[in-house]
$ cat data_36.txt   # compact mmCIF, C-alpha atoms
# COMPACT_ATOMS: atom_id res chain seq x y z
CA MET A 25 8.09 -44.03 31.98
CA ASP A 26 11.20 -46.06 32.67
CA PRO A 27 10.42 -49.80 32.12
CA MET A 28 11.90 -50.73 35.51
CA ILE A 29 9.74 -48.14 37.32
CA ARG A 30 6.67 -49.31 35.37
CA LYS A 31 7.40 -52.89 36.39
CA LEU A 32 7.82 -51.95 40.06
CA ARG A 33 4.63 -49.89 39.95
CA PHE A 34 2.72 -52.81 38.45
CA ARG A 35 3.99 -55.13 41.20
CA LEU A 36 3.03 -52.62 43.91
CA LEU A 37 -0.51 -52.23 42.52
CA ALA A 38 -0.85 -56.00 42.28
CA TRP A 39 0.30 -56.35 45.90
CA LEU A 40 -2.18 -53.69 47.08
CA HIS A 41 -5.00 -55.48 45.28
CA ARG A 42 -4.12 -58.88 46.71
CA SER A 43 -3.63 -57.47 50.21
CA ARG A 44 -7.31 -56.50 50.33
CA SER A 45 -8.49 -59.99 49.45
CA GLY A 46 -7.12 -63.30 48.34
CA PRO A 47 -3.73 -64.74 49.28
CA ILE A 48 -2.05 -63.51 52.44
CA LEU A 49 1.34 -62.00 51.82
CA PHE A 50 4.36 -61.95 54.14
CA VAL A 51 2.65 -64.23 56.69
CA LYS A 52 3.67 -67.87 56.79
CA LYS A 53 1.05 -70.53 56.12
CA PHE A 54 1.65 -73.53 58.36
CA SER A 55 0.64 -77.03 57.36
CA TYR A 56 -2.48 -78.03 59.30
CA LYS A 57 -0.98 -81.48 59.77
CA ASP A 58 2.19 -79.98 61.28
CA VAL A 59 0.20 -77.76 63.65
CA LYS A 60 -1.96 -80.65 64.78
CA ARG A 61 1.13 -82.75 65.46
CA ALA A 62 2.88 -79.87 67.29
CA THR A 63 -0.11 -79.40 69.61
CA ASP A 64 -0.45 -83.14 70.28
CA GLY A 65 -3.76 -83.29 68.45
CA PHE A 66 -4.93 -79.99 70.00
CA HIS A 67 -4.59 -81.35 73.54
CA ARG A 68 -1.90 -78.97 74.89
CA ILE A 69 -4.38 -76.33 76.02
CA VAL A 70 -2.91 -73.12 77.47
CA TYR A 71 -6.26 -71.37 77.96
CA SER A 72 -9.80 -71.39 76.60
CA ASN A 73 -12.46 -68.67 76.43
CA SER A 74 -15.44 -67.59 74.32
CA HIS A 75 -13.14 -66.76 71.40
CA GLY A 76 -11.66 -70.26 71.25
CA ALA A 77 -8.88 -72.33 72.76
CA ALA A 78 -5.15 -71.62 72.65
CA TYR A 79 -2.54 -74.36 72.52
CA LYS A 80 1.18 -74.72 73.10
CA ALA A 81 2.89 -76.00 69.96
CA ASN A 82 6.29 -77.73 69.84
CA PHE A 83 7.32 -77.92 66.20
CA GLU A 84 10.00 -80.18 64.82
CA GLY A 85 13.32 -78.43 65.17
CA GLY A 86 12.51 -77.16 68.65
CA GLU A 87 10.39 -74.13 67.76
CA VAL A 88 7.76 -73.24 70.36
CA ALA A 89 4.64 -71.25 69.51
CA LEU A 90 1.16 -70.37 70.73
CA VAL A 91 -1.60 -71.57 68.41
CA LYS A 92 -5.02 -69.95 68.77
CA GLU A 93 -8.36 -71.02 67.35
CA ALA A 94 -10.22 -68.31 65.44
CA ARG A 95 -13.80 -69.52 65.96
CA ALA A 96 -15.33 -66.19 64.94
CA PHE A 97 -14.10 -66.83 61.38
CA ASP A 98 -15.39 -70.37 60.90
CA GLU A 99 -17.83 -69.24 58.21
CA GLY A 100 -15.91 -66.42 56.54
CA LYS A 101 -12.64 -67.05 54.70
CA GLU A 102 -12.17 -63.46 53.51
CA SER A 103 -12.78 -61.98 56.97
CA PHE A 104 -10.25 -64.46 58.40
CA TYR A 105 -7.65 -63.34 55.84
CA ARG A 106 -8.32 -59.68 56.70
CA GLU A 107 -7.81 -60.45 60.38
CA VAL A 108 -4.52 -62.25 59.66
CA GLN A 109 -3.25 -59.32 57.58
CA PHE A 110 -4.27 -56.85 60.27
CA LEU A 111 -2.69 -58.81 63.12
CA GLY A 112 0.46 -59.19 61.03
CA ARG A 113 0.81 -55.40 60.94
CA LEU A 114 0.58 -54.96 64.73
CA HIS A 115 4.01 -54.53 66.31
CA HIS A 116 4.52 -53.70 69.97
CA ARG A 117 6.88 -54.98 72.64
CA HIS A 118 3.93 -56.11 74.76
CA LEU A 119 1.91 -57.82 72.03
CA LEU A 120 2.48 -61.42 71.01
CA ALA A 121 3.65 -61.23 67.38
CA LEU A 122 1.78 -63.16 64.70
CA ARG A 123 4.04 -65.71 63.03
CA GLY A 124 1.54 -67.31 60.65
CA PHE A 125 -1.76 -69.09 60.17
CA SER A 126 -3.23 -72.44 59.24
CA THR A 127 -6.53 -73.65 57.85
CA GLY A 128 -8.21 -77.03 57.97
CA GLN A 129 -10.95 -78.30 60.26
CA LYS A 130 -10.08 -75.28 62.41
CA ARG A 131 -8.88 -71.81 61.44
CA LEU A 132 -5.75 -71.12 63.43
CA LEU A 133 -3.42 -68.23 64.24
CA VAL A 134 0.20 -69.04 65.08
CA PHE A 135 2.01 -66.61 67.39
CA ASP A 136 5.57 -66.23 68.67
CA ASN A 137 7.02 -68.48 71.32
CA ILE A 138 5.87 -68.47 74.95
CA GLU A 139 9.06 -69.44 76.77
CA ASN A 140 7.69 -68.89 80.27
CA GLY A 141 4.05 -69.79 79.75
CA SER A 142 1.24 -67.54 80.92
CA LEU A 143 1.14 -64.91 83.64
CA LYS A 144 -1.06 -67.30 85.62
CA GLU A 145 2.05 -69.41 86.17
CA HIS A 146 4.34 -66.53 87.19
CA PHE A 147 3.18 -63.71 89.46
CA ASN A 148 6.65 -62.13 89.71
CA ALA A 149 7.85 -58.68 88.58
CA ARG A 150 4.24 -57.61 89.06
CA LEU A 151 4.37 -53.87 88.58
CA GLN A 152 6.35 -54.19 85.35
CA ILE A 153 3.83 -56.69 84.03
CA ALA A 154 0.97 -54.25 84.76
CA VAL A 155 2.90 -51.40 83.10
CA GLY A 156 3.57 -53.57 80.03
CA VAL A 157 -0.08 -54.56 79.64
CA ALA A 158 -1.17 -50.91 79.97
CA ALA A 159 1.41 -49.91 77.35
CA ALA A 160 0.03 -52.49 74.92
CA LEU A 161 -3.53 -51.28 75.51
CA GLU A 162 -2.53 -47.66 74.86
CA TYR A 163 -0.97 -48.76 71.57
CA LEU A 164 -4.05 -50.75 70.51
CA LEU A 165 -6.55 -48.01 71.38
CA LEU A 166 -4.68 -44.87 70.37
CA PHE A 167 -1.97 -45.77 67.88
CA SER A 168 -3.36 -48.71 65.91
CA ASN A 169 -5.31 -47.86 62.76
CA PRO A 170 -8.05 -48.93 63.12
CA PRO A 171 -8.05 -49.05 66.93
CA VAL A 172 -8.54 -52.48 68.50
CA TYR A 173 -11.43 -52.92 70.94
CA HIS A 174 -11.60 -56.71 70.95
CA VAL A 175 -9.16 -57.30 73.80
CA SER A 176 -9.33 -60.01 76.43
CA ILE A 177 -7.11 -59.55 79.50
CA SER A 178 -6.57 -62.33 82.01
CA SER A 179 -3.69 -64.06 83.76
CA SER A 180 -4.26 -67.04 81.43
CA ASN A 181 -3.88 -65.25 78.10
CA ILE A 182 -1.05 -62.85 78.95
CA MET A 183 2.12 -64.62 77.87
CA LEU A 184 5.66 -64.15 79.17
CA ASP A 185 8.75 -64.39 76.99
CA GLU A 186 12.21 -65.54 78.08
CA ASN A 187 12.75 -62.19 79.85
CA PHE A 188 9.33 -62.32 81.54
CA THR A 189 8.11 -59.49 79.30
CA ALA A 190 4.30 -59.53 79.30
CA LYS A 191 2.61 -59.92 75.91
CA LEU A 192 -1.12 -59.78 75.14
CA SER A 193 -2.25 -62.73 73.05
CA ASP A 194 -6.03 -62.24 72.65
CA VAL A 195 -6.65 -59.20 70.45
CA GLY A 196 -8.38 -58.63 67.12
CA LEU A 197 -10.87 -56.63 65.08
CA LEU A 198 -13.82 -58.91 65.74
CA SER A 199 -16.06 -59.11 68.77
CA SER A 200 -16.67 -62.48 70.44
CA ILE A 201 -19.83 -62.97 68.34
CA GLY A 202 -17.96 -62.56 65.08
CA THR A 203 -19.05 -59.04 64.10
CA TYR A 204 -16.73 -56.17 63.32
CA VAL A 205 -16.61 -53.65 66.15
CA GLN A 206 -17.76 -50.16 65.21
CA MET A 207 -14.96 -47.64 65.57
CA PRO A 208 -15.68 -44.19 67.03
CA HIS A 209 -14.85 -41.04 65.09
CA SER A 210 -11.15 -40.25 65.23
CA SER A 211 -11.85 -37.10 67.26
CA CYS A 212 -13.11 -39.31 70.09
CA LEU A 213 -10.07 -41.56 70.31
CA GLU A 214 -8.01 -39.35 72.62
CA GLU A 215 -10.63 -39.46 75.35
CA CYS A 216 -11.61 -43.08 74.80
CA MET A 217 -14.56 -42.93 77.19
CA ASP A 218 -17.01 -45.25 75.43
CA GLN A 219 -18.34 -48.56 76.69
CA GLU A 220 -15.67 -50.70 75.00
CA CYS A 221 -12.85 -48.73 76.60
CA GLY A 222 -14.59 -48.81 79.98
CA ASN A 223 -14.65 -52.60 79.77
CA ILE A 224 -10.96 -52.75 78.80
CA VAL A 225 -9.98 -50.49 81.71
CA TYR A 226 -12.09 -52.70 84.00
CA GLN A 227 -10.23 -55.81 82.83
CA LEU A 228 -6.91 -54.06 83.50
CA GLY A 229 -8.08 -53.26 87.04
CA VAL A 230 -8.98 -56.87 87.69
CA LEU A 231 -5.55 -57.96 86.42
CA ILE A 232 -3.78 -55.50 88.77
CA LEU A 233 -5.88 -56.89 91.62
CA GLU A 234 -4.80 -60.43 90.71
CA LEU A 235 -1.15 -59.34 90.65
CA ILE A 236 -1.42 -57.92 94.16
CA THR A 237 -3.39 -60.72 95.78
CA GLY A 238 -2.13 -63.71 93.82
CA GLN A 239 -5.78 -64.78 93.47
CA SER A 240 -7.50 -65.46 90.17
CA SER A 241 -10.71 -63.70 89.25
CA GLU A 242 -11.42 -66.63 86.93
CA GLN A 243 -12.20 -68.85 89.91
CA GLY A 244 -14.96 -67.22 91.92
CA GLY A 245 -13.39 -63.79 91.72
CA THR A 246 -16.54 -61.83 92.57
CA ASP A 247 -15.49 -61.74 96.24
CA LEU A 248 -12.16 -60.26 95.20
CA ILE A 249 -13.83 -57.49 93.20
CA GLN A 250 -16.34 -56.77 95.96
CA TRP A 251 -13.47 -56.49 98.44
CA VAL A 252 -11.57 -53.85 96.44
CA GLN A 253 -14.78 -51.83 96.03
CA GLY A 254 -15.62 -52.06 99.73
CA SER A 255 -15.25 -49.36 102.38
CA ARG A 256 -12.77 -51.35 104.51
CA LEU A 257 -10.09 -51.63 101.86
CA SER A 258 -7.31 -49.87 103.81
CA SER A 259 -7.80 -51.84 107.01
CA SER A 260 -7.81 -55.23 105.29
CA ILE A 261 -5.00 -54.84 102.75
CA HIS A 262 -2.55 -56.88 104.81
CA MET A 263 -4.98 -59.83 104.75
CA MET A 264 -5.31 -59.80 100.94
CA ILE A 265 -1.69 -59.37 99.82
CA ASP A 266 -0.22 -62.45 98.17
CA PRO A 267 1.79 -64.33 100.87
CA ASP A 268 4.46 -65.06 98.25
CA LEU A 269 5.44 -61.38 98.43
CA GLY A 270 6.52 -61.83 102.05
CA ASN A 271 7.76 -58.48 103.31
CA ASN A 272 9.39 -57.56 100.01
CA TYR A 273 7.09 -54.70 99.08
CA ASP A 274 6.54 -51.02 99.78
CA ALA A 275 3.20 -50.70 101.60
CA ARG A 276 2.59 -47.17 100.31
CA GLU A 277 3.27 -48.17 96.70
CA LEU A 278 1.01 -51.19 97.07
CA LYS A 279 -1.84 -49.02 98.38
CA LYS A 280 -1.43 -46.70 95.38
CA LEU A 281 -1.59 -49.70 93.06
CA LEU A 282 -4.77 -50.87 94.77
CA VAL A 283 -6.32 -47.43 94.30
CA VAL A 284 -5.53 -47.66 90.58
CA ALA A 285 -7.14 -51.13 90.45
CA ARG A 286 -10.20 -49.82 92.28
CA LEU A 287 -10.59 -46.84 89.92
CA CYS A 288 -10.22 -49.14 86.90
CA ILE A 289 -12.86 -51.57 88.18
CA LYS A 290 -15.29 -48.69 88.76
CA SER A 291 -14.74 -47.63 85.12
CA LYS A 292 -16.87 -50.49 83.82
CA SER A 293 -20.12 -48.67 84.57
CA ASN A 294 -18.79 -45.12 84.74
CA PRO A 295 -15.61 -44.52 82.66
CA LYS A 296 -13.70 -41.57 84.08
CA PHE A 297 -10.29 -41.77 82.44
CA PRO A 298 -8.67 -43.51 79.44
CA VAL A 299 -6.10 -46.29 79.35
CA SER A 300 -3.38 -43.74 78.57
CA GLN A 301 -3.97 -42.11 81.96
CA VAL A 302 -3.87 -45.47 83.76
CA PHE A 303 -0.56 -46.09 82.00
CA ARG A 304 0.78 -42.79 83.36
CA PHE A 305 -0.45 -43.69 86.86
CA LEU A 306 1.47 -46.95 86.73
CA GLN A 307 4.57 -45.21 85.42
CA LYS A 308 4.25 -42.72 88.31
CA LYS A 309 4.26 -39.83 85.85
CA VAL A 310 0.98 -38.34 87.11
CA HIS A 311 -0.70 -38.26 90.48
CA ILE A 312 -3.40 -40.84 91.17
CA PRO A 313 -6.72 -39.02 91.73
CA ARG A 314 -8.57 -39.43 95.01
CA ASP A 315 -11.07 -42.26 94.87
$ encode --input "data_36.txt" --output "structure tokens"
Amino acid sequence: MDPMIRKLRFRLLAWLHRSRSGPILFVKKFSYKDVKRATDGFHRIVYSNSHGAAYKANFEGGEVALVKEARAFDEGKESFYREVQFLGRLHHRHLLALRGFSTGQKRLLVFDNIENGSLKEHFNARLQIAVGVAAALEYLLLFSNPPVYHVSISSSNIMLDENFTAKLSDVGLLSSIGTYVQMPHSSCLEECMDQECGNIVYQLGVLILELITGQSSEQGGTDLIQWVQGSRLSSSIHMMIDPDLGNNYDARELKKLLVVARLCIKSKSNPKFPVSQVFRFLQKKVHIPRD
């Protein structure tokens, strides 16, 4: 064998071995001290949930990033490294890209910049935001290997870049209790009707509802969800639409969007269609079924 080929082969095998455990390749390791300084001592909180807090980081030189705690990995270094390597391989226009990681008192993930903050701060370009989130979910569930079922969707953790492109920031292989999620057999992926997918579709429905009403489900949102499931939906739509929309909306299109939200919310207990179909509804490529 040619010595150069043998050398390249040796390097490739060594890389494959290290990629399964040990040092993380091709992902930047940030100094814990620098991250702490950039987040003002972990006080610049963007959002917080059961998976940990997320912070806005302003690094020296003007770089802006989102720094997330990885609480599920506090006890397992190898599992944290696997998660970093996996997240580093995910690439989609509507996913926040992993820039690096840091370890110290906390285990941290560093993501791309968040020029326009979270969706909670900007309820504009609403349909395109919903379409973008659905596109990211289709990618995670059908095109990622393995598929990603640990997904949290809320107006707080969907970030917007400089062009107001929506990007999911809270995804991973682990559940909120730190265990790896069991993946269904590949033959089941196309239908995606299991409990995890039903919950993801439900979260998407709640997000669409927030986009229409301008109200947050995070603050006493049970009334909002009960309203969209109620029998008087059509007659009360005008009372629930976000006043910031004024008259700048198509009433028929808005009703269709509400029907999609309602179908998604009902999917939590009785999944009827996968994320890919919701994506097609939002793109207006298929007819929305009767509720």
$ atom_distance --input "data_36.txt" --atom1 "atom CA of Val88 of chain A" --atom2 "atom CA of Ile182 of chain A"
16.1 Å
$ closest_residue --input "data_36.txt" --among "A:Ile312, A:Leu233, A:Asp274, A:Ile224" --to "Lys292 of chain A" --atoms "only C-alpha atoms"
A:Ile224
$ axis_aligned_box --input "data_36.txt" --around "segment 121-124 of chain A" --padding-each-side "4 Å" --output "lines of an AutoDock Vina configuration file"
center_x = 2.8
center_y = -64.3
center_z = 64.0
size_x = 10.5
size_y = 14.1
size_z = 14.7
$ closest_residue --input "data_36.txt" --among "A:Leu120, A:Leu164, A:Val284, A:Leu151" --to "Asp185 of chain A" --atoms "all atoms listed in the file"
A:Leu120
$ atom_distance --input "data_36.txt" --atom1 "atom CA of Ala94 of chain A" --atom2 "atom CA of Arg131 of chain A"
5.5 Å
$ atom_distance --input "data_36.txt" --atom1 "atom CA of Gln239 of chain A" --atom2 "atom CA of Ile69 of chain A"
21.0 Å
$ closest_residue --input "data_36.txt" --among "A:Trp251, A:Gln307, A:Ala89, A:Ser72" --to "Ile289 of chain A" --atoms "all atoms listed in the file"
A:Trp251
$ closest_residue --input "data_36.txt" --among "A:Tyr71, A:Phe167, A:Phe188, A:Phe297" --to "Tyr226 of chain A" --atoms "all atoms listed in the file"
A:Phe297
$ closest_residue --input "data_36.txt" --among "A:Lys53, A:Lys191, A:Arg123, A:Lys280" --to "Gly156 of chain A" --atoms "all atoms listed in the file"
A:Lys191
$ closest_residue --input "data_36.txt" --among "A:Asn73, A:Gln227, A:Asn169, A:Gln219" --to "Val157 of chain A" --atoms "only C-alpha atoms"
A:Gln227
$ residues_near_point --input "data_36.txt" --point "(-1.4, -54.9, 65.4)" --cutoff "12 Å" --atoms "all atoms listed in the file" --output "PyMOL selection string"
chain A and resi 107-122+160-175+192-197
$ residues_around --input "data_36.txt" --residues "Gly141 of chain A" --least-positions-apart "2" --cutoff "6 Å" --atoms "all atoms listed in the file" --output "PDB file with C-alpha atoms, in the coordinates of the input"
ATOM      1  CA  ILE A 138       5.870 -68.470  74.950  1.00  0.00           C
ATOM      2  CA  GLU A 139       9.060 -69.440  76.770  1.00  0.00           C
ATOM      3  CA  MET A 183       2.120 -64.620  77.870  1.00  0.00           C
ATOM      4  CA  LEU A 184       5.660 -64.150  79.170  1.00  0.00           C
TER       5      LEU A 184
END
